[in-house]
Amino acid sequence: MALMDFIKKQFIDIIQWTETGDGTLAWRFPMAEMEIQNGGSLTVRESQVAVFVNEGKVADVFGPGMYKLTTQTLPVLTYLKNWDKLFESPFKSDVYFFSTRQQIDQKWGTPQPITIRDKDFGAVRLRAFGNYSFRIGDAKLFHTEISGTRDIYSVADLDGQLRGLVLQNISNAIASSGVPFLDLAANQIQFAQALAAQLVPEFEKIGIKLENITVQNVSLPEELQKVLDQKIGMGMVGNDMGKFMQYQTAQAIPKFAEGAAGGGGIAGDAMGLGAGVALGQVLAQNLAQGLSPNAAAAAAATQQQPAVAVVSPTDVMTTLERLGELKTKGILTQEEFDAKKVELLKKLV
């Protein structure tokens with residue numbers, strides 16, 4: 001009976017894997033009840049690695065090439081099975097093939113805004129997305145840590161784990177990049193490089209090599225987008241605070257005009273008709289100073305005159321409120337705000 005079983009047993013003399021599609025990372029050669037013929041052929045194609053596993057222990061690892069399976073080409077398996085050098089019988093072993101080619105255009109993104117720490121704004125929330133590519137760098141480690149004894153392990157099976165690692169390391173990447181939060185959108189390459197530096201060691205822990213990662217978009221919260229717009233406005237006037245106030249004045253006048261035409265608006269709702277007229281005069285004066293080529297000289301001459309123009313408390317409070325908003329958004333420093341505050345309060349005395 002034992003002789004008949006031996007005769008019926010099938011032996012494998014060629015071991016190879018031809019990929020039939022994309023997305024497969026690991027594939028187990030179908031052994032069933034078959035055994036590998038001693039002296040059989042193992043073919044490992046480019047972009048593949050083959051791993052022999054004996055009773056749950058990784059034995060020999062083969063890179064691209066064609067091999068004749070003997071005790072000389074299977075030294076670890078020979079040791080584990082206690083074969084002698086003359087061993088020529090068929091043997092059983094699990095054989096796994098791993099694809100080492102790049103898995104490209106893998107998407108990552110923040111499904112919900114994530115909170116990060118920023119030195120200028122404290123806790124802020126952002127959205128970002130991009131893509132990355134990877135390959136299996138250590139087949140032995142990937143087998144023991146991830147794929148195990150499964151017949152097939154695909155890119156889709158690993159996708160959630162890799163995305164989680166990307167999201168987990170975004171905050172550290174932003175902190176290590178040294179890029180201010182408001183400049184992230186304009187420095188996506190630097191952000192991606194910092195993110196890659198954080199992810200490479202994390203991917204290596206599971207046998208994966210990160211080949212490339214891109215940041216295609218960084219979305220700022222609406223309130224910080226407004227601050228960015230104001231920062232751009234200051235850059236347009238050379239970061240001069242006086243000119244920036246004149247720039248803000250020029251932008252505010254059309255809004256007051258729209259409010260007046262609609263029977264209410266900003267000035268009417270905030271201060272009433274009288275205060276709105278007074279504020280309009282102040283805005284017009286500021287704009288005129290900004291447009292005049294001798295604005296600085298005229299202002300200096302006015303300050304030297306003994307007569308002091310009367311400034312209403314409403315105008316002072318309105319100006320202080322606007323300055324306070326600029327300080328809150330980080331455009332004015334505390335020192336600049338305090339200096340303007342003292343200057344305005346003196347006009348009430």
# chains A, B, ... in the order shown; residues from 1 in each chain; ligands from 1

call {"tool": "select_by_dssp", "arguments": {"residues": "range 66-189 of chain A", "states": "helix (DSSP H, G or I)", "output": "ChimeraX atom specification"}}
result
/A:75-81,139-147,155-168,170-177,181-186,188-189

call {"tool": "write_last_selection", "arguments": {"atoms": "N, CA and C atoms", "output": "CSV table (one decimal), in the first residue's frame"}}
result
chain,number,residue,atom,x,y,z
A,75,PRO,N,21.1,25.7,1.4
A,75,PRO,CA,21.9,25.4,2.6
A,75,PRO,C,21.1,25.5,3.9
A,76,VAL,N,20.3,26.5,4.0
A,76,VAL,CA,19.5,26.7,5.2
A,76,VAL,C,18.5,25.6,5.4
A,77,LEU,N,17.8,25.2,4.3
A,77,LEU,CA,16.8,24.2,4.3
A,77,LEU,C,17.5,22.8,4.6
A,78,THR,N,18.7,22.6,4.1
A,78,THR,CA,19.4,21.4,4.3
A,78,THR,C,19.7,21.3,5.8
A,79,TYR,N,20.1,22.4,6.4
A,79,TYR,CA,20.4,22.4,7.8
A,79,TYR,C,19.2,22.1,8.7
A,80,LEU,N,18.1,22.8,8.3
A,80,LEU,CA,16.8,22.6,9.1
A,80,LEU,C,16.3,21.2,9.1
A,81,LYS,N,16.5,20.5,7.9
A,81,LYS,CA,16.0,19.2,7.7
A,81,LYS,C,17.0,18.1,8.1
A,139,ALA,N,11.9,40.8,1.5
A,139,ALA,CA,10.8,39.8,1.4
A,139,ALA,C,10.7,38.9,2.6
A,140,LYS,N,11.8,38.6,3.3
A,140,LYS,CA,11.8,37.8,4.5
A,140,LYS,C,11.0,38.5,5.6
A,141,LEU,N,11.3,39.8,5.8
A,141,LEU,CA,10.6,40.5,6.8
A,141,LEU,C,9.2,40.7,6.5
A,142,PHE,N,8.9,41.0,5.2
A,142,PHE,CA,7.5,41.2,4.8
A,142,PHE,C,6.7,39.9,5.1
A,143,HIS,N,7.3,38.8,4.8
A,143,HIS,CA,6.6,37.5,5.0
A,143,HIS,C,6.3,37.3,6.5
A,144,THR,N,7.3,37.5,7.3
A,144,THR,CA,7.1,37.2,8.8
A,144,THR,C,6.2,38.3,9.5
A,145,GLU,N,6.2,39.5,9.0
A,145,GLU,CA,5.5,40.6,9.6
A,145,GLU,C,4.1,40.8,9.0
A,146,ILE,N,3.9,40.6,7.7
A,146,ILE,CA,2.7,41.0,7.1
A,146,ILE,C,2.0,39.9,6.4
A,147,SER,N,2.5,39.3,5.3
A,147,SER,CA,1.8,38.4,4.5
A,147,SER,C,1.5,37.0,5.1
A,155,VAL,N,-1.9,44.4,-3.0
A,155,VAL,CA,-1.7,45.8,-2.6
A,155,VAL,C,-2.9,46.4,-1.8
A,156,ALA,N,-4.1,45.9,-2.2
A,156,ALA,CA,-5.3,46.4,-1.6
A,156,ALA,C,-5.3,46.0,-0.1
A,157,ASP,N,-4.8,44.8,0.2
A,157,ASP,CA,-4.7,44.3,1.6
A,157,ASP,C,-3.8,45.2,2.4
A,158,LEU,N,-2.8,45.8,1.8
A,158,LEU,CA,-1.8,46.6,2.6
A,158,LEU,C,-2.2,48.1,2.6
A,159,ASP,N,-3.1,48.5,1.7
A,159,ASP,CA,-3.4,49.9,1.5
A,159,ASP,C,-3.8,50.7,2.8
A,160,GLY,N,-4.7,50.1,3.6
A,160,GLY,CA,-5.1,50.8,4.8
A,160,GLY,C,-4.0,51.1,5.8
A,161,GLN,N,-3.1,50.1,5.9
A,161,GLN,CA,-1.9,50.2,6.8
A,161,GLN,C,-1.0,51.3,6.4
A,162,LEU,N,-0.7,51.4,5.1
A,162,LEU,CA,0.2,52.4,4.6
A,162,LEU,C,-0.4,53.8,4.7
A,163,ARG,N,-1.7,53.9,4.4
A,163,ARG,CA,-2.3,55.2,4.5
A,163,ARG,C,-2.3,55.7,6.0
A,164,GLY,N,-2.5,54.8,6.9
A,164,GLY,CA,-2.5,55.1,8.3
A,164,GLY,C,-1.2,55.6,8.7
A,165,LEU,N,-0.1,55.0,8.2
A,165,LEU,CA,1.3,55.5,8.5
A,165,LEU,C,1.5,56.9,8.0
A,166,VAL,N,1.0,57.2,6.8
A,166,VAL,CA,1.2,58.5,6.2
A,166,VAL,C,0.5,59.6,7.1
A,167,LEU,N,-0.8,59.3,7.4
A,167,LEU,CA,-1.5,60.3,8.2
A,167,LEU,C,-0.9,60.5,9.6
A,168,GLN,N,-0.4,59.4,10.2
A,168,GLN,CA,0.1,59.4,11.5
A,168,GLN,C,1.4,60.3,11.6
A,170,ILE,N,2.1,63.0,9.4
A,170,ILE,CA,2.1,64.3,8.8
A,170,ILE,C,2.5,65.4,9.8
A,171,SER,N,2.0,65.3,11.0
A,171,SER,CA,2.3,66.4,12.0
A,171,SER,C,3.8,66.5,12.3
A,172,ASN,N,4.4,65.3,12.5
A,172,ASN,CA,5.9,65.3,12.7
A,172,ASN,C,6.6,65.9,11.5
A,173,ALA,N,6.1,65.6,10.3
A,173,ALA,CA,6.8,66.0,9.0
A,173,ALA,C,6.7,67.5,8.9
A,174,ILE,N,5.6,68.1,9.3
A,174,ILE,CA,5.4,69.6,9.2
A,174,ILE,C,6.3,70.2,10.2
A,175,ALA,N,6.4,69.7,11.4
A,175,ALA,CA,7.2,70.2,12.5
A,175,ALA,C,8.7,70.2,12.1
A,176,SER,N,9.2,69.1,11.5
A,176,SER,CA,10.6,68.9,11.1
A,176,SER,C,10.9,69.7,9.9
A,177,SER,N,10.0,70.0,9.0
A,177,SER,CA,10.3,70.7,7.8
A,177,SER,C,10.7,72.1,8.0
A,181,PHE,N,3.3,77.4,8.7
A,181,PHE,CA,2.1,76.8,8.2
A,181,PHE,C,1.5,77.5,7.0
A,182,LEU,N,1.6,78.9,7.0
A,182,LEU,CA,1.0,79.6,5.9
A,182,LEU,C,1.8,79.4,4.6
A,183,ASP,N,3.0,78.9,4.7
A,183,ASP,CA,3.8,78.7,3.5
A,183,ASP,C,3.8,77.3,2.9
A,184,LEU,N,3.0,76.4,3.6
A,184,LEU,CA,3.0,75.0,3.2
A,184,LEU,C,2.5,74.9,1.8
A,185,ALA,N,1.5,75.6,1.4
A,185,ALA,CA,0.9,75.4,0.1
A,185,ALA,C,1.9,75.8,-1.0
A,186,ALA,N,2.8,76.7,-0.7
A,186,ALA,CA,3.8,77.1,-1.7
A,186,ALA,C,5.1,76.3,-1.6
A,188,GLN,N,5.3,72.6,-1.4
A,188,GLN,CA,4.8,71.3,-1.3
A,188,GLN,C,6.0,70.3,-1.5
A,189,ILE,N,7.0,70.6,-2.3
A,189,ILE,CA,8.1,69.7,-2.5
A,189,ILE,C,8.9,69.5,-1.2

call {"tool": "residues_around", "arguments": {"residues": "Asn217 in chain A", "least_positions_apart": "3", "cutoff": "12 Å", "atoms": "only C-alpha atoms", "output": "CSV table (one decimal) with C-alpha atoms, in the first residue's frame"}}
result
chain,number,residue,atom,x,y,z
A,108,TRP,CA,-3.2,59.1,0.3
A,109,GLY,CA,-5.3,61.9,1.8
A,110,THR,CA,-6.9,63.2,5.0
A,126,LEU,CA,-5.7,71.2,7.4
A,127,ARG,CA,-6.5,68.9,4.6
A,128,ALA,CA,-3.9,67.4,2.3
A,129,PHE,CA,-3.6,64.7,-0.4
A,130,GLY,CA,-1.1,63.2,-2.8
A,131,ASN,CA,0.2,59.9,-4.0
A,184,LEU,CA,3.0,75.0,3.2
A,185,ALA,CA,0.9,75.4,0.1
A,186,ALA,CA,3.8,77.1,-1.7
A,187,ASN,CA,6.4,74.6,-0.5
A,188,GLN,CA,4.8,71.3,-1.3
A,189,ILE,CA,8.1,69.7,-2.5
A,191,PHE,CA,6.8,69.2,2.7
A,192,ALA,CA,6.9,66.0,0.7
A,214,THR,CA,4.2,63.7,-3.5
A,220,LEU,CA,-5.9,75.9,4.5

call {"tool": "closest_residue", "arguments": {"among": "A:Gly40, A:Pro90, A:Gly122, A:Pro113", "to": "Met66 in chain A", "atoms": "only C-alpha atoms"}}
result
A:Gly40

call {"tool": "atom_distance", "arguments": {"atom1": "CA of Gln193 in chain A", "atom2": "CA of Ser154 in chain A"}}
result
27.1 Å

call {"tool": "select_by_dssp", "arguments": {"residues": "range 53-247 of chain A", "states": "strand (DSSP E or B)", "output": "count of residues only"}}
result
61

call {"tool": "closest_residue", "arguments": {"among": "A:Leu74, A:Gln102, A:Thr20, A:Asp138", "to": "Val49 in chain A", "atoms": "only C-alpha atoms"}}
result
A:Asp138

call {"tool": "residues_around", "arguments": {"residues": "range 93-101 of chain A", "least_positions_apart": "2", "cutoff": "9 Å", "atoms": "only C-alpha atoms", "output": "PyMOL selection string"}}
result
chain A and resi 15-17+19+24-31+35-36+44+46-56+77+91+103+134-137+139+143+149+151

call {"tool": "write_last_selection", "arguments": {"atoms": "C-alpha atoms", "output": "PDB file, in the first residue's frame"}}
result
ATOM      1  CA  ILE A  15       8.856  26.049  -9.703  1.00  0.00           C
ATOM      2  CA  GLN A  16       8.074  29.472 -11.158  1.00  0.00           C
ATOM      3  CA  TRP A  17       5.546  32.323 -11.062  1.00  0.00           C
ATOM      4  CA  GLU A  19       2.189  37.323 -12.789  1.00  0.00           C
ATOM      5  CA  THR A  24      -0.184  41.081  -6.183  1.00  0.00           C
ATOM      6  CA  LEU A  25       2.604  41.396  -3.622  1.00  0.00           C
ATOM      7  CA  ALA A  26       2.962  37.762  -2.448  1.00  0.00           C
ATOM      8  CA  TRP A  27       1.902  34.442  -4.008  1.00  0.00           C
ATOM      9  CA  ARG A  28       2.177  30.967  -2.538  1.00  0.00           C
ATOM     10  CA  PHE A  29       3.185  28.222  -4.958  1.00  0.00           C
ATOM     11  CA  PRO A  30       0.419  25.559  -4.918  1.00  0.00           C
ATOM     12  CA  MET A  31       1.952  22.466  -3.333  1.00  0.00           C
ATOM     13  CA  GLU A  35       6.737  17.204  -3.176  1.00  0.00           C
ATOM     14  CA  ILE A  36       9.655  18.995  -4.803  1.00  0.00           C
ATOM     15  CA  VAL A  44      12.902  33.610 -10.332  1.00  0.00           C
ATOM     16  CA  GLU A  46      13.371  39.991 -12.619  1.00  0.00           C
ATOM     17  CA  SER A  47      11.288  41.966 -10.112  1.00  0.00           C
ATOM     18  CA  GLN A  48      10.705  38.772  -8.070  1.00  0.00           C
ATOM     19  CA  VAL A  49      12.085  37.089  -4.959  1.00  0.00           C
ATOM     20  CA  ALA A  50      11.402  33.473  -3.923  1.00  0.00           C
ATOM     21  CA  VAL A  51      11.402  32.336  -0.302  1.00  0.00           C
ATOM     22  CA  PHE A  52      11.478  28.720   0.947  1.00  0.00           C
ATOM     23  CA  VAL A  53       9.720  28.185   4.289  1.00  0.00           C
ATOM     24  CA  ASN A  54      10.175  25.008   6.327  1.00  0.00           C
ATOM     25  CA  GLU A  55       7.677  24.284   9.112  1.00  0.00           C
ATOM     26  CA  GLY A  56       6.980  27.989   9.592  1.00  0.00           C
ATOM     27  CA  LEU A  77      16.798  24.152   4.325  1.00  0.00           C
ATOM     28  CA  PHE A  91      11.104  16.952  -0.188  1.00  0.00           C
ATOM     29  CA  GLN A 103       3.537  49.775  -6.932  1.00  0.00           C
ATOM     30  CA  PHE A 134       6.602  51.612  -2.939  1.00  0.00           C
ATOM     31  CA  ARG A 135       8.056  48.165  -3.416  1.00  0.00           C
ATOM     32  CA  ILE A 136       8.904  45.164  -1.245  1.00  0.00           C
ATOM     33  CA  GLY A 137      12.432  45.752   0.020  1.00  0.00           C
ATOM     34  CA  ALA A 139      10.812  39.784   1.387  1.00  0.00           C
ATOM     35  CA  HIS A 143       6.583  37.495   5.022  1.00  0.00           C
ATOM     36  CA  THR A 149       0.915  31.958   5.100  1.00  0.00           C
ATOM     37  CA  ASP A 151      -2.046  32.144  -0.633  1.00  0.00           C
TER      38      ASP A 151
END
